[in-house]
Amino acid sequence: MNRGEPVVLVTRPGAGFVLTTASQTWTLSRPEDVAEIEAEHRPRWVWWSAAEAAGELVRAGVRLATCWDIAAVHRLQHGGYQADPARVWAALHSLDVRAIPELGPLDLLAPAGDDGGDPENPQRPDGHLRPEWTGGGWSRDEGRAVRWAQLALHVAQAQRERITEPRHLAAAHVESAAELLCVELEAGGLPVDVVAAEALVSGFIGPRPTDAAEALALRARRDNVVLQAAGVNADLRNPAQVKRMLAQLGFDVPDTRSWRLEPFVGAHPVIEELLSWRKAERIATTYGYPWLDANIGLDGRLRGGWTASDGAAGRMTAGAGLHNMPSELRGAVAAEPGKVLVRADLGQIEPRILAAVSGDRALIAATADDDLYAPVAARLKVERPVAKVAVLAAMYGQTSGTAGEALRGMESGYPTAMRYLRTASDEGRAGRAVRTYGGRVVRMWPTPDDADENTARSIAAARGRFARNAMVQGAAAEFFKAWALTVRARTAELGGEIVLCLHDELLVQAPAQHGAAVAAALDDCLAEAAGRWFGPAGQVRFVADTSVINRWSEAKG
DNA sequence: GATTTCACGTA
DNA sequence: CGTACGTGAAATCC
């Protein structure tokens, strides 16, 4: 076995591991056995999916360096999210995905299929994989697990052969490793100071109620403050009733969203009360005591599910509120004793990415500045805020508002970047899939046959905006992952542990004595990832704001 | 019981 | 007529 050699890893739930190369097969029973092979040979682990193959190992504390995740590569090559073995197999062999067989209740009673094939062969006569196998039957005995592993090796090789661009290969490696990172994030969790968390929640909605009746009373008390100010009765949790209530008080609004009510603050006390009620209600229902109880373990770690690439442009997503926790609660995220948090966020990531992927020389030159919008403003001969709006409008497909004139300046000042965005938009409008810099296929959705002309036009426009944004957001997501995984690799020996990924922000926990070294590594890794991802270093400059802190809420810089 | 709408949090 | 995501409550659909 050689360093970087593909080795399939199949984990039979609770029954050990099967390792396979083109020429050999091993069966191992303990996680430590796998760890030993990792330490000695550092192969590229090949698996159907990280969660299935590596979950048990990661939870046992085994850290694997690199992998080929068949599901992740399938998502890159075909778009969408579904990437189960049956689907991957069908795509690879040009079989109709709609004809993928499923296990019906009858099959469970009589699992020996009557399709004329050999039930010990994972492939049916019609070419599809047997649902009995893909549904978990592959792990029934060791012989089957070995065949399942051999199948994975074949599939991974076929995926590899489809890749011709070096950067698409790099993306396959990055997206694969990101899946593994997600398994680690899910197992590891985010360190939370539970006492501080309770105190913060208490500040919004009062102390933890001791029983259901008290919870109900506290809720009613919060409601009454608003209803008293209104002078009328209404169910504040029913938007229709709130709208009616506001109408009675003279506020004619199309909906009752906060941003729409904001302008009326001061016009009537009820507006202000309602807005602060909403804030408290959000904490109470989504980020309150039940949330803390449900998601924080006895070890003080907040755990949620992670996905390495969502269905759209390939961003990482997280559950359990990890990605949308109100900023007011960030003070509860704290380093454990003897440790620090190293936090870094990428500055102006999307316009810098646009410069890199489009190759626009003027925009690339602008990335040399700490503040990219300053040189852009100079080139467009406008104020900085106008330049910023223009750049964002170009990337997001905004056409209305104040961005109009500055957008025309963008056309003449940064024609290559604008052409790049325009091409993506045109493809999307036409309903054709686009591919990000890393090669991720981003599918469009069809216009329904019964759509009238106006509807069809607005659907096409929405696809255009979506495609335009996906090229930037998707490439940014790919680059972020490349950075995060470089950090994962480089800081491991310093005891660094990535505890949160938030689109352009990384949170790493590390032993206090290594905080400064980890912070330096984050910056070094950014330059390293940029050079590896976009070619010779120094072309496009990326910047990070990095700090060593104890709590996430501590000020930047 | 599952899906949709409204609302709001993050980037 | 700027994008993406996750979550919860209530309404709505079947």
# chains A, B, ... in the order shown; residues from 1 in each chain; ligands from 1
$ select_by_dssp --residues "stretch 406-517 of chain A" --states "strand (DSSP E)" --output "list in words"
Val434, Arg435, Val441, Val442, Glu497, Ile498, Val499, Leu500, Cys501, Glu505, Leu506, Leu507, Val508, Gln509, Ala510 and Pro511 of chain A
$ interface_residues --of "chain A" --to "chain B" --cutoff "12 Å" --atoms "only C-alpha atoms (C1' of nucleotides)" --output "ChimeraX atom specification"
/A:236-240,242-243,255-260,275,278-283,285-287,315-319,321-330,345-346,348-350,473,476-477,501-505
$ residues_around --residues "A:Gly61" --least-positions-apart "3" --cutoff "10 Å" --atoms "only C-alpha atoms (C1' of nucleotides)" --output "number ranges by chain"
A: 31-32, 35, 55-58, 64, 184, 187-188
$ select_by_dssp --residues "stretch 128-324 of chain A" --states "alpha helix (DSSP H)" --output "ChimeraX atom specification"
/A:131-134,142-162,166-188,194-205,212-230,239-248,258-261,269-285,289-295
$ residues_around --residues "C:DT3" --least-positions-apart "5" --cutoff "9 Å" --atoms "only C-alpha atoms (C1' of nucleotides)" --output "PyMOL selection string"
chain A and resi 396-397+465-466+469-470+473
$ residues_around --residues "stretch 374-383 of chain A" --least-positions-apart "4" --cutoff "6 Å" --atoms "only C-alpha atoms (C1' of nucleotides)" --output "PyMOL selection string"
chain A and resi 366+387+409
$ atom_distance --atom1 "atom CA of A:Phe480" --atom2 "atom CA of A:Ser425"
23.2 Å
$ residues_around --residues "C:DC1" --least-positions-apart "5" --cutoff "12 Å" --atoms "only C-alpha atoms (C1' of nucleotides)" --output "VMD selection string"
chain A and resid 393 396 to 401 457 to 462 464 to 465
$ write_last_selection --atoms "N, CA and C atoms" --output "PDB file, in the first residue's frame"
ATOM      1  N   ALA A 393     -24.517  44.506  -7.033  1.00  0.00           N
ATOM      2  CA  ALA A 393     -25.643  44.434  -7.963  1.00  0.00           C
ATOM      3  C   ALA A 393     -25.278  43.599  -9.185  1.00  0.00           C
ATOM      4  N   TYR A 396     -25.313  39.923  -8.133  1.00  0.00           N
ATOM      5  CA  TYR A 396     -26.603  39.374  -7.705  1.00  0.00           C
ATOM      6  C   TYR A 396     -27.689  39.550  -8.752  1.00  0.00           C
ATOM      7  N   GLY A 397     -27.383  40.270  -9.820  1.00  0.00           N
ATOM      8  CA  GLY A 397     -28.379  40.427 -10.868  1.00  0.00           C
ATOM      9  C   GLY A 397     -29.422  41.474 -10.576  1.00  0.00           C
ATOM     10  N   GLN A 398     -29.090  42.388  -9.671  1.00  0.00           N
ATOM     11  CA  GLN A 398     -30.043  43.463  -9.365  1.00  0.00           C
ATOM     12  C   GLN A 398     -30.081  44.439 -10.534  1.00  0.00           C
ATOM     13  N   THR A 399     -31.269  44.870 -10.900  1.00  0.00           N
ATOM     14  CA  THR A 399     -31.375  45.788 -12.024  1.00  0.00           C
ATOM     15  C   THR A 399     -32.050  47.090 -11.618  1.00  0.00           C
ATOM     16  N   SER A 400     -32.793  47.038 -10.527  1.00  0.00           N
ATOM     17  CA  SER A 400     -33.552  48.229 -10.115  1.00  0.00           C
ATOM     18  C   SER A 400     -32.737  49.037  -9.115  1.00  0.00           C
ATOM     19  N   GLY A 401     -33.350  50.083  -8.602  1.00  0.00           N
ATOM     20  CA  GLY A 401     -32.726  50.850  -7.540  1.00  0.00           C
ATOM     21  C   GLY A 401     -31.646  51.787  -8.046  1.00  0.00           C
ATOM     22  N   ARG A 457     -41.382  34.697 -18.460  1.00  0.00           N
ATOM     23  CA  ARG A 457     -40.317  35.698 -18.452  1.00  0.00           C
ATOM     24  C   ARG A 457     -39.737  35.842 -17.046  1.00  0.00           C
ATOM     25  N   SER A 458     -40.602  35.862 -16.050  1.00  0.00           N
ATOM     26  CA  SER A 458     -40.088  36.062 -14.695  1.00  0.00           C
ATOM     27  C   SER A 458     -39.340  34.813 -14.209  1.00  0.00           C
ATOM     28  N   ILE A 459     -39.769  33.650 -14.664  1.00  0.00           N
ATOM     29  CA  ILE A 459     -39.033  32.434 -14.302  1.00  0.00           C
ATOM     30  C   ILE A 459     -37.643  32.445 -14.938  1.00  0.00           C
ATOM     31  N   ALA A 460     -37.584  32.843 -16.208  1.00  0.00           N
ATOM     32  CA  ALA A 460     -36.289  32.928 -16.893  1.00  0.00           C
ATOM     33  C   ALA A 460     -35.381  33.933 -16.193  1.00  0.00           C
ATOM     34  N   ALA A 461     -35.966  35.071 -15.788  1.00  0.00           N
ATOM     35  CA  ALA A 461     -35.161  36.093 -15.109  1.00  0.00           C
ATOM     36  C   ALA A 461     -34.643  35.565 -13.774  1.00  0.00           C
ATOM     37  N   ALA A 462     -35.494  34.828 -13.074  1.00  0.00           N
ATOM     38  CA  ALA A 462     -35.075  34.266 -11.786  1.00  0.00           C
ATOM     39  C   ALA A 462     -33.936  33.264 -11.992  1.00  0.00           C
ATOM     40  N   GLY A 464     -31.797  33.376 -14.391  1.00  0.00           N
ATOM     41  CA  GLY A 464     -30.628  34.178 -14.745  1.00  0.00           C
ATOM     42  C   GLY A 464     -29.923  34.705 -13.502  1.00  0.00           C
ATOM     43  N   ARG A 465     -30.698  35.242 -12.572  1.00  0.00           N
ATOM     44  CA  ARG A 465     -30.109  35.751 -11.327  1.00  0.00           C
ATOM     45  C   ARG A 465     -29.476  34.616 -10.540  1.00  0.00           C
TER      46      ARG A 465
END
$ residues_around --residues "A:Ala390" --least-positions-apart "4" --cutoff "7 Å" --atoms "only C-alpha atoms (C1' of nucleotides)" --output "ChimeraX atom specification"
/A:386,394,403,406-407
$ atom_distance --atom1 "atom CA of A:Val540" --atom2 "atom CA of A:Ala365"
7.6 Å
$ atom_distance --atom1 "atom CA of A:Ala530" --atom2 "atom CA of A:Val518"
18.2 Å
$ closest_residue --among "A:Thr455, A:Ala313, A:Glu528, A:Tyr420" --to "chain C" --atoms "only C-alpha atoms (C1' of nucleotides)"
A:Ala313
